[in-house]
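Student: First the structure, then my questions, so here it is.
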Amino acid sequence: MLLRFSPFNSKALIINTHHHLLYHSITTTPKISSQLCKTLIQSKLLHQQYIVHGHTLNYTNITNLISNYISSNSTTNAILLLESLTPSHSSVFWWNQLIRHARHHNSPHIALTLFCRMKTLNWTPDHYTFPFVFKACGEISHFNLGGSIHGSVLRSGFDSNVFVCNAVVSMYGKCNALIYARKVFDELCDRGICDLVSWNSIVSAYSHCFVPKVAVLLFREMTVSYGLLPDAVGVVNILPVCGFLGLGLLGKQVHGFGVRTGLVDDVFVGNALVDMYAKCGKLVDANKVFERMGFKDVVSWNAMVTGYSQAGRFEDALSLFEKMREEKIELDVVTWSSVISGYAQKGFGCEAMDVFREMCGCGCRPNVVTLVSLLSGCASVGALLHGRETHCYAIKFILNGGDYDDDDDLMVINALIDMYAKCQSLEVARAMFDEICPKDRDVVTWTVMIGGYAQHDDANHALQLFSEMFKFDNCIVPNDFTISCVLMACARLAALRFGRQIHAYVLRRSRIDSDVLFVANCLIAMYSKSGDVDTARVVFDNMPKRNAVSWTSLLTGYGLHGRSEDALCVFDGMREMALVPDGITFLVLLYTCSHSGMTDRGIDLFYRMSKDYGVDPGAEHYACMVDLLGRAGRLDEATRLINDMPMEPTPVVWVSLLSACRIHSNVEIGEFAAKKLLELEADNDGSYTLLSNIYANARRWKDVARVRYLMKRTGIKKRPGCSWVQGRKGMETFYVGDRTHSQSQEIYETLADLIQRIKAIGYVPQTSFALHDVDDEEKGDLLFEHSEKLALAYAILTLPRGAPIRITKNLRICGDCHSAITYISMIVEHEIILRDSSRFHHFKNGSCSCKGYW
């Protein structure tokens, strides 16, 4: 009778066959039996037959079985057999094999558990055991256990074994314990037993701990002072450091050495060379190395793709990306992340999201770096919806457990806070920030939240949060980016006192380099926008190196303060330094000319932009020209310029014309500009207010009422005038007609006294700026309550005699307040520095820096 074939019968047949072969082998040649065991089931069957047939498990049988179990990944059975052996020097080999096997299979915790079990059973480690264990400690950065095992090394006399000590150096380096790593290394050198591996280990330690300059010094000492020639490991250690520091020349020297010694043929050396040249910006050299590599793995391709992406050469990166597909090279998460990161860093958020979708479609699972790069791309284009989707993905796959550690979680959360803040969802960003325990926040967490507030007109919260950084026990030291964000907030508030304190902090702290370009540029902007452009110039003059932003920041500062001659001198200095002015530079120049009455100079610069400098005027440049011509009363020329624009006029162009009509009381052109604004659906309170003011000056009160009714019907509210001033205890804020201040009575009494005194020397209230259909006496009372006058009275009441008074207003200062403050500066000893929405006014001894042209 034939057996019907089935998986069950087939399996039974195989097992019976194994039983027969194993039984035959046990009863005949035991040595051959171990060679038959190539699977776990065979090893278990052999073990079983030994026991069933009463064969004595001698040392050879046990070690053969242990070897088979290790090969079959059955460490539990191997350990059970090993525990039956009497501890001996020769048998430690099998513990070493077990520990090595665990490490090889990315299980450092198991390796350390095995070591502890071995010690518990009174086995003595040898000079092969310790290196395996130290590598496991380094892989999980277990400093305490590594230090304890180092103590065992010292007690057991292996501290003179260079093989063991090199592993100790490497372990301390991976645990970020450079002091201990260097101490062990120096002891090796003092004993004269350090070898090439010792040097490789210490160079790698400094590189791993982000102390690249010392790594380079040690590498040079090894090759020059000690005359040791690096091997492939040494070359691979130093090349990333060269890339990080931008040491292209040293990298080339290492490359030359690799060519002479043949090390360049090693794929790891080739990959390190490609990466080094790419990070040094030498993509031509990187590509040459890449093309000459005899064998390329996915890391080789990734290095080139990453290099092109980070350099902004997206076409080359994508071309190489497509070539990888054509050649059937398996794209890993690094490949996809490199392309996404490249797009995100250059602000191409939409392209980054497209690549991410394609990546998910190919079944490749994103990692932490991918998500952080994608969130950066979402932030760059304000893609809040896509950012939320990415947040959901992060919760599902990364933030909710998995193989990622706390540092990875924090990286993603920081990126999410940054994304929500830049997408103007500050409440969500702050909620995520508050959910992180203060002891778990790092400097990036604080910086992205402070930067979010600073960039979206919530400077008060930015400064408050910066102060909170120093209140916790684990005080976070702000970095250059944190300082830049806080300086930006100071500039928005014109908080000069706070800005000076931060500048002093920068000079005191060694970790923050005031010579860093963007920090110094932010200091220039902060001082300029806080009313102290002379100090901004001091910062500029003390900079060891400057870029176009440095010059433009100082140029902007002079423009804001109406110092047109100084601004033009800065522009001449830029040209002498062979810096090519861009559109922003000319925008600042045209603004400066407009606010200084330099009409002809402004017109000349405008028409030379394209001809002499190759900068095509944009809509914002035309708006500046309309403002320049309009302020000079040349409204017909301004209108013709708008008609001749090569692009459609933007709302800001028509607002500039409307503002000029307000200055020169031109109702006809003002109505035309307002009509164009309505056609563009540019509904903002400023446009309606300007038109209302034009009608009010012409005493067309019905039209004023019509404009106000239109504002009410469309839900547009006029922003209330608001001024804030630096007092003795901080900033004080005042609104129109404000009587909420605790010293309100004294403020109004002081202001009444000032008005009475300046009337005696010629001040006449300009009631046209009250813009209400009431009699002149009532208009005078309305002008009396303007926020900048209240702020000035408070400052005079509270500040020491002769101290500068710094006032900031959210709107443009009105003509009556400008006239009144000019007169007040004649009777007080203070210099009054007022910054409105357009520029700075410095009042002193009865004159203003704007010279009446504002």
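Residues are referred to by chain and number: the chain letter is A, B, ... according to the order shown in the structure tokens, the number counts from 1 in that chain, and ligands are numbered separately from 1 in the order shown.
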Skip stretch 90-95 of chain A itself and residues of its chain fewer than 4 positions away, then list as a list in words all residues within 10 Å of it, counting only C-alpha atoms.

Tutor: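 So, after excluding close chain neighbours, the residues are Tyr59, Thr63, Ile66, Ser67, Ile70, Ala78, Ile79, Leu82, Glu83, Leu85, Thr86, Ile99, Arg100, His101, Ala111, Leu114, Phe115, Arg117, Met118, Trp123, Thr124, Pro125, Asp126, Tyr128 and Thr129 of chain A.
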
Student: Any idea what's packed within 12 Å of A:Gly349, counting only C-alpha atoms, ignoring anything in its chain fewer than 6 positions away? Could you give it as an MDAnalysis selection string?

Tutor: chainID A and resid 339:343 355:356 373:384 386:387 419

Student: Using only C-alpha atoms, which residue out of A:Gly618, A:Gly715, A:Pro478, A:Gly730 lies closest to A:Phe498?

Tutor: A:Gly730

Student: Give me the residues near stretch 181-197 of chain A as a CSV table (one decimal) with C-alpha atoms, in the first residue's frame, where near means some atom within 12 Å (using only C-alpha atoms) and where sequence neighbours in that chain fewer than 2 positions away do not count.

Tutor:
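The resulting out_1.csv:
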```
chain,number,residue,atom,x,y,z
A,138,GLY,CA,30.1,51.4,23.4
A,143,PHE,CA,29.4,54.3,30.5
A,146,GLY,CA,32.0,50.0,30.8
A,147,GLY,CA,33.9,51.8,33.6
A,150,HIS,CA,37.6,48.6,33.0
A,154,LEU,CA,43.0,46.8,35.8
A,159,ASP,CA,45.8,46.8,31.4
A,160,SER,CA,49.1,46.1,29.6
A,161,ASN,CA,47.4,44.3,26.8
A,162,VAL,CA,47.2,46.8,23.9
A,163,PHE,CA,44.4,44.8,22.3
A,164,VAL,CA,42.2,45.2,25.4
A,165,CYS,CA,43.2,48.9,26.0
A,166,ASN,CA,42.4,49.9,22.5
A,167,ALA,CA,38.9,48.5,23.0
A,168,VAL,CA,38.7,50.6,26.3
A,169,VAL,CA,39.7,53.8,24.4
A,170,SER,CA,37.1,53.1,21.7
A,171,MET,CA,34.4,52.4,24.4
A,172,TYR,CA,35.0,55.6,26.2
A,173,GLY,CA,34.9,57.5,23.0
A,174,LYS,CA,31.5,56.1,22.0
A,175,CYS,CA,30.2,56.9,25.5
A,176,ASN,CA,31.3,60.6,25.0
A,177,ALA,CA,33.8,60.2,27.9
A,178,LEU,CA,36.8,61.8,26.2
A,179,ILE,CA,38.7,62.5,29.4
A,199,TRP,CA,45.7,56.0,17.3
A,200,ASN,CA,42.7,55.1,15.1
A,201,SER,CA,40.7,54.6,18.3
A,202,ILE,CA,41.5,58.0,19.8
A,203,VAL,CA,41.1,59.9,16.5
A,204,SER,CA,37.7,58.2,16.1
A,205,ALA,CA,36.8,59.1,19.7
A,206,TYR,CA,37.4,62.8,19.2
A,208,HIS,CA,32.6,60.9,17.5
A,209,CYS,CA,32.4,63.5,20.3
A,214,VAL,CA,41.7,67.8,18.1
A,215,ALA,CA,41.1,64.8,15.9
A,218,LEU,CA,46.1,63.8,16.6
A,219,PHE,CA,46.1,62.5,13.1
A,222,MET,CA,50.4,60.2,14.4
A,223,THR,CA,51.7,60.6,10.8
A,226,TYR,CA,55.3,59.1,15.2
A,227,GLY,CA,55.8,58.3,11.5
A,228,LEU,CA,52.8,55.9,11.4
A,229,LEU,CA,51.2,55.4,8.1
A,230,PRO,CA,47.4,55.2,8.4
A,231,ASP,CA,45.5,52.2,7.2
A,232,ALA,CA,42.0,52.1,5.7
A,233,VAL,CA,40.4,52.5,9.1
A,234,GLY,CA,42.5,55.6,9.9
A,235,VAL,CA,41.7,57.2,6.5
A,237,ASN,CA,38.2,58.1,10.4
```

Student: Show me a table, sorted first by chain and then by increasing residue number, of the residues of stretch 708-744 of chain A having an atom at most 8 Å from stretch 790-805 of chain A, each with its shortest atom pair and the distance in Å to one decimal, counting only C-alpha atoms and written as a Markdown table.

Tutor:
```
| residue | atom | partner | partner_atom | distance |
| --- | --- | --- | --- | --- |
| A:Ser723 | CA | A:Ala791 | CA | 6.5 |
| A:Trp724 | CA | A:Ala791 | CA | 6.5 |
| A:Val725 | CA | A:Ala791 | CA | 6.0 |
| A:Gln726 | CA | A:Ile805 | CA | 7.4 |
| A:Gly727 | CA | A:Ala795 | CA | 6.3 |
| A:Arg728 | CA | A:Leu799 | CA | 6.6 |
| A:Glu732 | CA | A:Ala791 | CA | 7.9 |
| A:Thr733 | CA | A:Ala791 | CA | 7.5 |
| A:Phe734 | CA | A:Ala791 | CA | 6.3 |
| A:Asp738 | CA | A:Leu790 | CA | 7.9 |
```

Student: Find the spatial neighbours of stretch 673-680 of chain A, counting only C-alpha atoms, within a cut-off of 10 Å - ignore same-chain residues fewer than 5 positions away - and output them as an MDAnalysis selection string.

Tutor: chainID A and resid 639 649:659 661 667:668 687:688 690:691

Student: Leaving out A:Gly270 and any residue of its chain fewer than 2 positions from it, which residues lie within 12 Å of it when counting only C-alpha atoms, given as an mmCIF file with C-alpha atoms, in the first residue's frame?

Tutor:
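Okay, this is what ended up in out_24.cif:
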```cif
data_model
loop_
_atom_site.group_PDB
_atom_site.id
_atom_site.type_symbol
_atom_site.label_atom_id
_atom_site.label_comp_id
_atom_site.auth_asym_id
_atom_site.auth_seq_id
_atom_site.Cartn_x
_atom_site.Cartn_y
_atom_site.Cartn_z
ATOM 1 C CA ALA A 232 41.989 52.081 5.665
ATOM 2 C CA VAL A 235 41.722 57.153 6.490
ATOM 3 C CA VAL A 236 37.990 56.527 6.928
ATOM 4 C CA LEU A 239 38.037 62.059 6.034
ATOM 5 C CA PRO A 240 34.638 62.852 7.632
ATOM 6 C CA VAL A 254 44.869 61.944 2.474
ATOM 7 C CA HIS A 255 43.437 61.155 -0.963
ATOM 8 C CA GLY A 258 45.315 56.569 -0.551
ATOM 9 C CA VAL A 259 46.206 56.565 -4.251
ATOM 10 C CA GLY A 262 46.226 51.497 -3.016
ATOM 11 C CA LEU A 263 43.800 52.187 -0.158
ATOM 12 C CA VAL A 264 41.625 54.166 -2.560
ATOM 13 C CA ASP A 265 40.442 50.859 -4.046
ATOM 14 C CA ASP A 266 38.708 50.051 -0.757
ATOM 15 C CA VAL A 267 34.985 50.856 -1.171
ATOM 16 C CA PHE A 268 34.809 52.344 2.355
ATOM 17 C CA ALA A 272 34.558 58.542 2.581
ATOM 18 C CA LEU A 273 36.393 60.480 -0.153
ATOM 19 C CA VAL A 274 33.182 61.181 -2.066
ATOM 20 C CA ASP A 275 31.495 62.373 1.124
ATOM 21 C CA MET A 276 34.485 64.539 2.135
ATOM 22 C CA TYR A 277 34.729 66.307 -1.230
ATOM 23 C CA ASP A 285 36.376 66.129 -7.336
ATOM 24 C CA ALA A 286 33.685 64.089 -5.592
ATOM 25 C CA ASN A 287 32.253 63.049 -8.950
ATOM 26 C CA LYS A 288 35.722 62.082 -10.251
ATOM 27 C CA VAL A 289 36.285 59.761 -7.290
ATOM 28 C CA PHE A 290 32.772 58.375 -7.695
ATOM 29 C CA GLU A 291 33.220 57.637 -11.414
ATOM 30 C CA ARG A 292 36.607 55.951 -10.873
ATOM 31 C CA MET A 293 35.395 53.605 -8.149
ATOM 32 C CA GLY A 294 35.626 50.020 -9.365
ATOM 33 C CA PHE A 295 32.827 48.902 -7.054
ATOM 34 C CA LYS A 296 30.029 51.132 -5.801
ATOM 35 C CA ASP A 297 27.493 50.261 -3.140
ATOM 36 C CA VAL A 299 26.412 54.330 0.220
ATOM 37 C CA SER A 300 28.535 55.567 -2.701
ATOM 38 C CA TRP A 301 25.464 56.700 -4.611
ATOM 39 C CA ALA A 303 27.014 60.308 -0.847
ATOM 40 C CA MET A 304 26.806 61.862 -4.319
#
```

Student: Any idea what's packed within 10 Å of A:Glu565, counting only C-alpha atoms, ignoring anything in its chain fewer than 6 positions away? Could you give it as an MDAnalysis selection string?

Tutor: chainID A and resid 558:559 571 592:593 596

Student: Write the residues of the preceding selection, restricted to all heavy atoms, as an mmCIF file, in the first residue's frame.

Tutor:
```
data_model
loop_
_atom_site.group_PDB
_atom_site.id
_atom_site.type_symbol
_atom_site.label_atom_id
_atom_site.label_comp_id
_atom_site.auth_asym_id
_atom_site.auth_seq_id
_atom_site.Cartn_x
_atom_site.Cartn_y
_atom_site.Cartn_z
ATOM 1 N N TYR A 558 20.585 103.039 8.458
ATOM 2 C CA TYR A 558 20.716 104.460 8.119
ATOM 3 C C TYR A 558 19.458 104.977 7.408
ATOM 4 O O TYR A 558 19.032 106.115 7.617
ATOM 5 C CB TYR A 558 21.943 104.679 7.235
ATOM 6 C CG TYR A 558 23.255 104.695 8.002
ATOM 7 C CD1 TYR A 558 24.342 103.934 7.583
ATOM 8 C CD2 TYR A 558 23.396 105.470 9.149
ATOM 9 C CE1 TYR A 558 25.550 103.948 8.273
ATOM 10 C CE2 TYR A 558 24.591 105.494 9.849
ATOM 11 C CZ TYR A 558 25.664 104.728 9.416
ATOM 12 O OH TYR A 558 26.844 104.756 10.122
ATOM 13 N N GLY A 559 18.871 104.120 6.570
ATOM 14 C CA GLY A 559 17.648 104.524 5.885
ATOM 15 C C GLY A 559 16.505 104.777 6.843
ATOM 16 O O GLY A 559 15.764 105.754 6.709
ATOM 17 N N PHE A 571 26.585 102.271 0.556
ATOM 18 C CA PHE A 571 26.394 101.681 -0.779
ATOM 19 C C PHE A 571 27.695 101.781 -1.599
ATOM 20 O O PHE A 571 28.081 100.824 -2.281
ATOM 21 C CB PHE A 571 25.254 102.393 -1.494
ATOM 22 C CG PHE A 571 25.001 101.886 -2.889
ATOM 23 C CD1 PHE A 571 24.582 100.582 -3.114
ATOM 24 C CD2 PHE A 571 25.195 102.722 -3.986
ATOM 25 C CE1 PHE A 571 24.356 100.115 -4.403
ATOM 26 C CE2 PHE A 571 24.973 102.260 -5.274
ATOM 27 C CZ PHE A 571 24.547 100.951 -5.484
ATOM 28 N N THR A 592 15.246 105.000 1.262
ATOM 29 C CA THR A 592 16.024 106.070 1.900
ATOM 30 C C THR A 592 15.854 107.378 1.142
ATOM 31 O O THR A 592 15.634 108.441 1.756
ATOM 32 C CB THR A 592 17.508 105.676 1.947
ATOM 33 O OG1 THR A 592 17.645 104.446 2.654
ATOM 34 C CG2 THR A 592 18.332 106.746 2.637
ATOM 35 N N CYS A 593 15.959 107.318 -0.162
ATOM 36 C CA CYS A 593 15.800 108.534 -0.978
ATOM 37 C C CYS A 593 14.396 109.097 -0.831
ATOM 38 O O CYS A 593 14.200 110.315 -0.767
ATOM 39 C CB CYS A 593 16.089 108.228 -2.448
ATOM 40 S SG CYS A 593 17.817 107.809 -2.777
ATOM 41 N N SER A 596 13.970 110.983 2.406
ATOM 42 C CA SER A 596 14.924 112.072 2.627
ATOM 43 C C SER A 596 14.767 113.200 1.619
ATOM 44 O O SER A 596 15.561 114.144 1.627
ATOM 45 C CB SER A 596 16.362 111.523 2.553
ATOM 46 O OG SER A 596 16.543 110.469 3.456
#
```

Student: Select, from A:Ala317, A:Ile238, A:Leu590, A:Cys360, the residue with the minimum atom-to-atom distance to A:Leu568, counting only C-alpha atoms.

Tutor: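 Using only C-alpha atoms, A:Leu568 sits closest to A:Leu590.
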
Student: Can you pull out every residue from stretch 730-849 of chain A that DSSP, working from the backbone, puts in strand (DSSP E), and format the result as a ChimeraX atom specification?

Tutor: /A:731-735,805-809,832-835,840-844,847-848

Student: What is the distance between atom CA of A:Gln253 and atom CA of A:Gly307, in Å to one decimal?

Tutor: 20.6 Å

Student: Give me, please, the distance in Å between atom CA of A:Leu560 and atom CA of A:His503, quoted to one decimal.

Tutor: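 Straight-line distance from atom CA of A:Leu560 to atom CA of A:His503 works out to 21.6 Å.
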
Student: Using only C-alpha atoms, can you tell me which of A:Trp446, A:Phe210, A:Tyr591, A:Tyr613 comes closest to A:Gly557?

Tutor: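 Of all the options, A:Tyr591 lies closest to A:Gly557.
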
Student: Report, in Å to a single decimal, how far apart atom CA of A:Ala421 and atom CA of A:Gly452 are.

Tutor: 4.8 Å

Student: Tell me, as a ChimeraX atom specification, which residues lie within 10 Å of A:Arg739, counting only C-alpha atoms; anything in the same chain fewer than 5 positions away does not count.

Tutor: /A:734,744-745,747-748,785,790
